[in-house]
Every structure is written in C-alpha cells, then in structure tokens.
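Student: Here it is, the structure in full.
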Amino acid sequence: MKKQYLEIGKIVSLHGLNGTCKVQPWCDEPAFLCEFEVLYAGKHHTPMTITNARVQKNMVLVNFKGVETPEQAEALRGTVLYMNRDEVALDEDTYFIQDLLGAAVIDADDGREYGRLTDILQTG
C-alpha cells in the first residue's frame with residue numbers, strides 16, 4: 001500500500017523576525033520543496049499554507065500563513081513536513097523512493113531475480 005503523505009523535510013530553526021521557518025529538505029533538490037502551496041505538518045498531517053518559500057544554500061526558508069512571529073516559528077522547530085503525493089506530477093520514469101522499496105531487483109540480461117530493494121543511499 002502506498003503512503004499518501006511522504007516526508008519532505010523538517011523545520012530546524014527560525015530565520016529573522018517575521019516568522020520564517022528554516023526547513024531542512026529531504027528531497028532531491030531543495031527547490032522542489034518550494035513548488036508546493038501546502039505542506040502537511042506532523043503525524044496528523046495538519047495542512048499549512050505556504051505564503052513564500054525560497055532556497056538559501058542547502059536549506060529552504062518558508063513562511064506559513066498564520067506564522068508571523070519568531071515565537072510562532074520557534075514553536076514549530078522539529079516538526080516534520082509532509083507532501084501529499086496527489087499534489088505532485090512526476091516526470092515519466094521518475095519515482096518516489098517510497099514506491100521503489102520492496103521492488104524486485106532483476107538481471108536485465110537473464111531475468112534472474114537477485115532479491116528485493118530494501119534501501120536507497122545517496123552518495124556524493
């Protein structure tokens with residue numbers, strides 16, 4: 001069964017005095033996180049509307065509707081953010097890692113199955 005909500009990042013700190021949250025992205029490119037209008041917070045997937053998002057080095061600075069003070073942003077520190085898979089149109093031959101886990105690893109030459117994919121590691 002496919003997960004409807006996929007982890008996309010975590011709020012790690014605040015930035016400035018206007019309630020901006022600094023998010024550590026858990027996606028291939030930080031800019032991907034900036035494409036969303038809504039992200040979902042915590043295990044209950046509470047919708048949070050994005051009013052502004054921009055990449056700063058390897059992090060993403062995000063302003064959420066209703067989060068306007070440093071205190072409000074600080075209260076969100078440690079919150080895991082999720083995306084709804086229905087809100088993303090993937091390119092052809094592009095997959096979410098979540099959907100590849102458990103897939104058979106098959107030799108392209110002779111069709112022999114080596115096992116199942118259990119993890120994907122990023123190097124470099």
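Quick note on naming: the chains in the structure tokens go A, B, ... in the order shown, residues restart at 1 in each chain, and ligands are numbered from 1 in order of appearance.
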Need to verify the contact set: range 18-20 of chain A, 10 Å, only C-alpha atoms, exclusion of same-chain residues closer than 3 positions in sequence. Can you return it as a list in words?

Tutor: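 Counting only the stated atoms, we get Ser13, Leu14, His15, Val23, Asn52, Ala53, Val60, Leu61, Val62, Asn63, Phe64, Lys65, Gly66, Val67, Glu68, Thr69, Pro70, Glu71, Gln72, Ala73 and Glu74 of chain A.
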
Student: With all heavy atoms retained, could you export that selection as a short mmCIF file (atom, residue, chain, number, x, y, z; two decimals), in the first residue's frame?

Tutor:
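Final file, again.cif:
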```
data_model
loop_
_atom_site.label_atom_id
_atom_site.label_comp_id
_atom_site.auth_asym_id
_atom_site.auth_seq_id
_atom_site.Cartn_x
_atom_site.Cartn_y
_atom_site.Cartn_z
N SER A 13 14.86 25.42 12.47
CA SER A 13 15.05 26.65 13.24
C SER A 13 14.20 27.75 12.63
O SER A 13 13.47 27.53 11.68
CB SER A 13 16.53 27.06 13.26
OG SER A 13 16.98 27.40 11.97
N LEU A 14 14.33 28.93 13.20
CA LEU A 14 13.64 30.08 12.63
C LEU A 14 14.67 30.96 11.95
O LEU A 14 15.87 30.78 12.13
CB LEU A 14 12.88 30.86 13.71
CG LEU A 14 13.70 31.42 14.87
CD1 LEU A 14 14.00 32.89 14.64
CD2 LEU A 14 12.93 31.25 16.16
N HIS A 15 14.18 31.91 11.15
CA HIS A 15 15.07 32.80 10.41
C HIS A 15 14.47 34.20 10.45
O HIS A 15 13.38 34.43 9.92
CB HIS A 15 15.21 32.31 8.96
CG HIS A 15 16.09 33.17 8.12
ND1 HIS A 15 17.46 33.06 8.13
CD2 HIS A 15 15.80 34.16 7.25
CE1 HIS A 15 17.98 33.93 7.29
NE2 HIS A 15 16.98 34.62 6.74
N VAL A 23 13.86 25.20 6.88
CA VAL A 23 13.50 23.80 6.67
C VAL A 23 14.67 23.06 6.03
O VAL A 23 15.22 23.50 5.03
CB VAL A 23 12.25 23.69 5.76
CG1 VAL A 23 11.92 22.23 5.47
CG2 VAL A 23 11.06 24.40 6.40
N ASN A 52 5.35 32.00 1.15
CA ASN A 52 6.60 32.29 0.47
C ASN A 52 7.59 31.17 0.79
O ASN A 52 7.62 30.68 1.92
CB ASN A 52 7.17 33.64 0.92
CG ASN A 52 8.37 34.07 0.11
OD1 ASN A 52 8.45 33.83 -1.08
ND2 ASN A 52 9.34 34.68 0.77
N ALA A 53 8.38 30.78 -0.20
CA ALA A 53 9.43 29.79 0.01
C ALA A 53 10.58 30.09 -0.93
O ALA A 53 10.36 30.40 -2.10
CB ALA A 53 8.90 28.38 -0.23
N VAL A 60 15.73 25.57 2.97
CA VAL A 60 14.62 26.30 2.38
C VAL A 60 14.01 27.18 3.46
O VAL A 60 13.72 26.71 4.57
CB VAL A 60 13.55 25.35 1.80
CG1 VAL A 60 12.39 26.13 1.20
CG2 VAL A 60 14.16 24.44 0.75
N LEU A 61 13.85 28.46 3.16
CA LEU A 61 13.20 29.39 4.08
C LEU A 61 11.73 29.48 3.68
O LEU A 61 11.42 29.78 2.53
CB LEU A 61 13.87 30.77 4.00
CG LEU A 61 15.36 30.78 4.31
CD1 LEU A 61 15.92 32.20 4.17
CD2 LEU A 61 15.64 30.21 5.69
N VAL A 62 10.86 29.17 4.64
CA VAL A 62 9.44 29.08 4.35
C VAL A 62 8.64 29.97 5.29
O VAL A 62 8.87 29.98 6.50
CB VAL A 62 8.94 27.62 4.50
CG1 VAL A 62 7.45 27.52 4.19
CG2 VAL A 62 9.73 26.68 3.61
N ASN A 63 7.69 30.71 4.72
CA ASN A 63 6.72 31.45 5.51
C ASN A 63 5.38 30.73 5.36
O ASN A 63 4.94 30.45 4.25
CB ASN A 63 6.59 32.89 5.02
CG ASN A 63 7.85 33.68 5.27
OD1 ASN A 63 8.70 33.75 4.41
ND2 ASN A 63 7.96 34.25 6.46
N PHE A 64 4.77 30.44 6.50
CA PHE A 64 3.46 29.79 6.53
C PHE A 64 2.40 30.80 6.94
O PHE A 64 2.65 31.66 7.80
CB PHE A 64 3.46 28.63 7.53
CG PHE A 64 4.33 27.48 7.15
CD1 PHE A 64 5.54 27.27 7.80
CD2 PHE A 64 3.96 26.59 6.15
CE1 PHE A 64 6.35 26.20 7.47
CE2 PHE A 64 4.77 25.52 5.81
CZ PHE A 64 5.97 25.32 6.47
N LYS A 65 1.23 30.69 6.36
CA LYS A 65 0.10 31.53 6.73
C LYS A 65 -0.17 31.35 8.22
O LYS A 65 -0.24 30.22 8.73
CB LYS A 65 -1.13 31.13 5.92
CG LYS A 65 -2.34 32.00 6.17
CD LYS A 65 -3.49 31.59 5.27
CE LYS A 65 -4.69 32.46 5.53
NZ LYS A 65 -5.81 32.08 4.66
N GLY A 66 -0.28 32.46 8.95
CA GLY A 66 -0.58 32.43 10.37
C GLY A 66 0.64 32.33 11.27
O GLY A 66 0.51 32.39 12.49
N VAL A 67 1.82 32.16 10.69
CA VAL A 67 3.07 32.13 11.46
C VAL A 67 3.80 33.43 11.16
O VAL A 67 4.41 33.57 10.10
CB VAL A 67 3.93 30.90 11.11
CG1 VAL A 67 5.23 30.90 11.91
CG2 VAL A 67 3.14 29.62 11.34
N GLU A 68 3.69 34.39 12.09
CA GLU A 68 4.18 35.74 11.81
C GLU A 68 5.19 36.26 12.81
O GLU A 68 5.72 37.35 12.63
CB GLU A 68 2.98 36.69 11.72
CG GLU A 68 2.03 36.29 10.60
CD GLU A 68 0.72 37.06 10.64
OE1 GLU A 68 0.51 37.88 11.55
OE2 GLU A 68 -0.11 36.82 9.74
N THR A 69 5.46 35.50 13.86
CA THR A 69 6.41 35.95 14.88
C THR A 69 7.50 34.90 15.09
O THR A 69 7.29 33.72 14.78
CB THR A 69 5.70 36.18 16.23
OG1 THR A 69 5.26 34.93 16.76
CG2 THR A 69 4.53 37.15 16.10
N PRO A 70 8.64 35.32 15.64
CA PRO A 70 9.69 34.34 15.95
C PRO A 70 9.20 33.27 16.93
O PRO A 70 9.58 32.11 16.80
CB PRO A 70 10.80 35.19 16.58
CG PRO A 70 10.56 36.58 16.10
CD PRO A 70 9.08 36.70 15.91
N GLU A 71 8.35 33.65 17.85
CA GLU A 71 7.83 32.69 18.83
C GLU A 71 6.98 31.61 18.16
O GLU A 71 7.07 30.42 18.50
CB GLU A 71 7.03 33.41 19.91
CG GLU A 71 7.84 34.35 20.79
CD GLU A 71 8.16 35.70 20.14
OE1 GLU A 71 7.52 36.08 19.14
OE2 GLU A 71 9.10 36.36 20.63
N GLN A 72 6.16 32.02 17.20
CA GLN A 72 5.34 31.04 16.47
C GLN A 72 6.21 30.10 15.64
O GLN A 72 5.95 28.90 15.58
CB GLN A 72 4.32 31.76 15.58
CG GLN A 72 3.23 32.47 16.35
CD GLN A 72 2.38 33.35 15.46
OE1 GLN A 72 2.89 34.05 14.58
NE2 GLN A 72 1.07 33.32 15.69
N ALA A 73 7.24 30.65 15.01
CA ALA A 73 8.15 29.83 14.21
C ALA A 73 8.94 28.88 15.11
O ALA A 73 9.10 27.71 14.80
CB ALA A 73 9.09 30.72 13.40
N GLU A 74 9.41 29.37 16.24
CA GLU A 74 10.17 28.55 17.18
C GLU A 74 9.34 27.38 17.69
O GLU A 74 9.86 26.28 17.89
CB GLU A 74 10.67 29.40 18.35
CG GLU A 74 11.47 28.63 19.39
CD GLU A 74 12.76 28.03 18.86
OE1 GLU A 74 13.39 28.61 17.96
OE2 GLU A 74 13.16 26.96 19.37
#
```

Student: Would you please extract all helix (DSSP H, G or I) residues from range 36-106 of chain A, as assigned by DSSP on the backbone, and give them as a count of residues only?

Tutor: 12

Student: Determine the nearest neighbour of Ala89 in chain A from the options A:Gln24, A:Lys3, A:Glu35, A:Ile106, counting only C-alpha atoms.

Tutor: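 Smallest separation from Ala89 in chain A among the options: A:Glu35.
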
Student: Would you return as an NGL selection string the members of chain A that DSSP assigns to strand (DSSP E) on this structure's backbone?

Tutor: :A and (5-15 or 20-25 or 38-41 or 46-56 or 59-64 or 80-84 or 104-106 or 113-116)

Student: Which residues are near Pro47 in chain A? Cut-off 12 Å, only C-alpha atoms, ignore same chain within fewer than 2 positions. Put them as a list of chain:residue names.

Tutor: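 Within the cut-off, the hits are A:Tyr5, A:Phe36, A:Glu37, A:Val38, A:Leu39, A:Tyr40, A:Ala41, A:Gly42, A:Lys43, A:His44, A:His45, A:Thr49, A:Ile50, A:Phe64, A:Lys65, A:Gly66, A:Leu81, A:Tyr82, A:Met83, A:Asn84.
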
Student: With a distance cut-off of 10 Å and only C-alpha atoms, select the neighbouring residues of Pro30 in chain A, excluding the residue or stretch itself and same-chain residues fewer than 4 positions from it, and output the selection as JSON, numbers by chain.

Tutor: {"A": [8, 9, 23, 24, 25, 26, 34, 35, 54, 55, 56, 57, 58, 59, 60]}

Student: In Å, rounded to a single decimal, give me how far CA of Arg116 in chain A is from CA of Leu6 in chain A.

Tutor: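 Result for CA of Leu6 in chain A versus CA of Arg116 in chain A: 21.1 Å, one decimal.
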
Student: With only C-alpha atoms as the atoms that count, which of A:Leu100, A:Leu90, A:Val12, A:Ala31 lies nearest to Ile120 in chain A?

Tutor: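 The shortest atom-to-atom distance to Ile120 in chain A comes from A:Leu100.
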
Student: Nearest to Glu87 in chain A: which of A:Leu117, A:Ala75, A:Leu101, A:Leu33 is it, counting only C-alpha atoms?

Tutor: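 For Glu87 in chain A, the nearest of the candidates is A:Leu33.
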
Student: Looking at A:Glu29, A:Gly16, A:Glu7, A:Cys21, which one is nearest to Arg77 in chain A, with distances taken over only C-alpha atoms?

Tutor: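 The closest residue to Arg77 in chain A is A:Cys21.
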
Student: Could you check how far CA of Ile11 in chain A sits from CA of Leu76 in chain A, in Å to one decimal?

Tutor: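 Separation between CA of Ile11 in chain A and CA of Leu76 in chain A: 6.7 Å.
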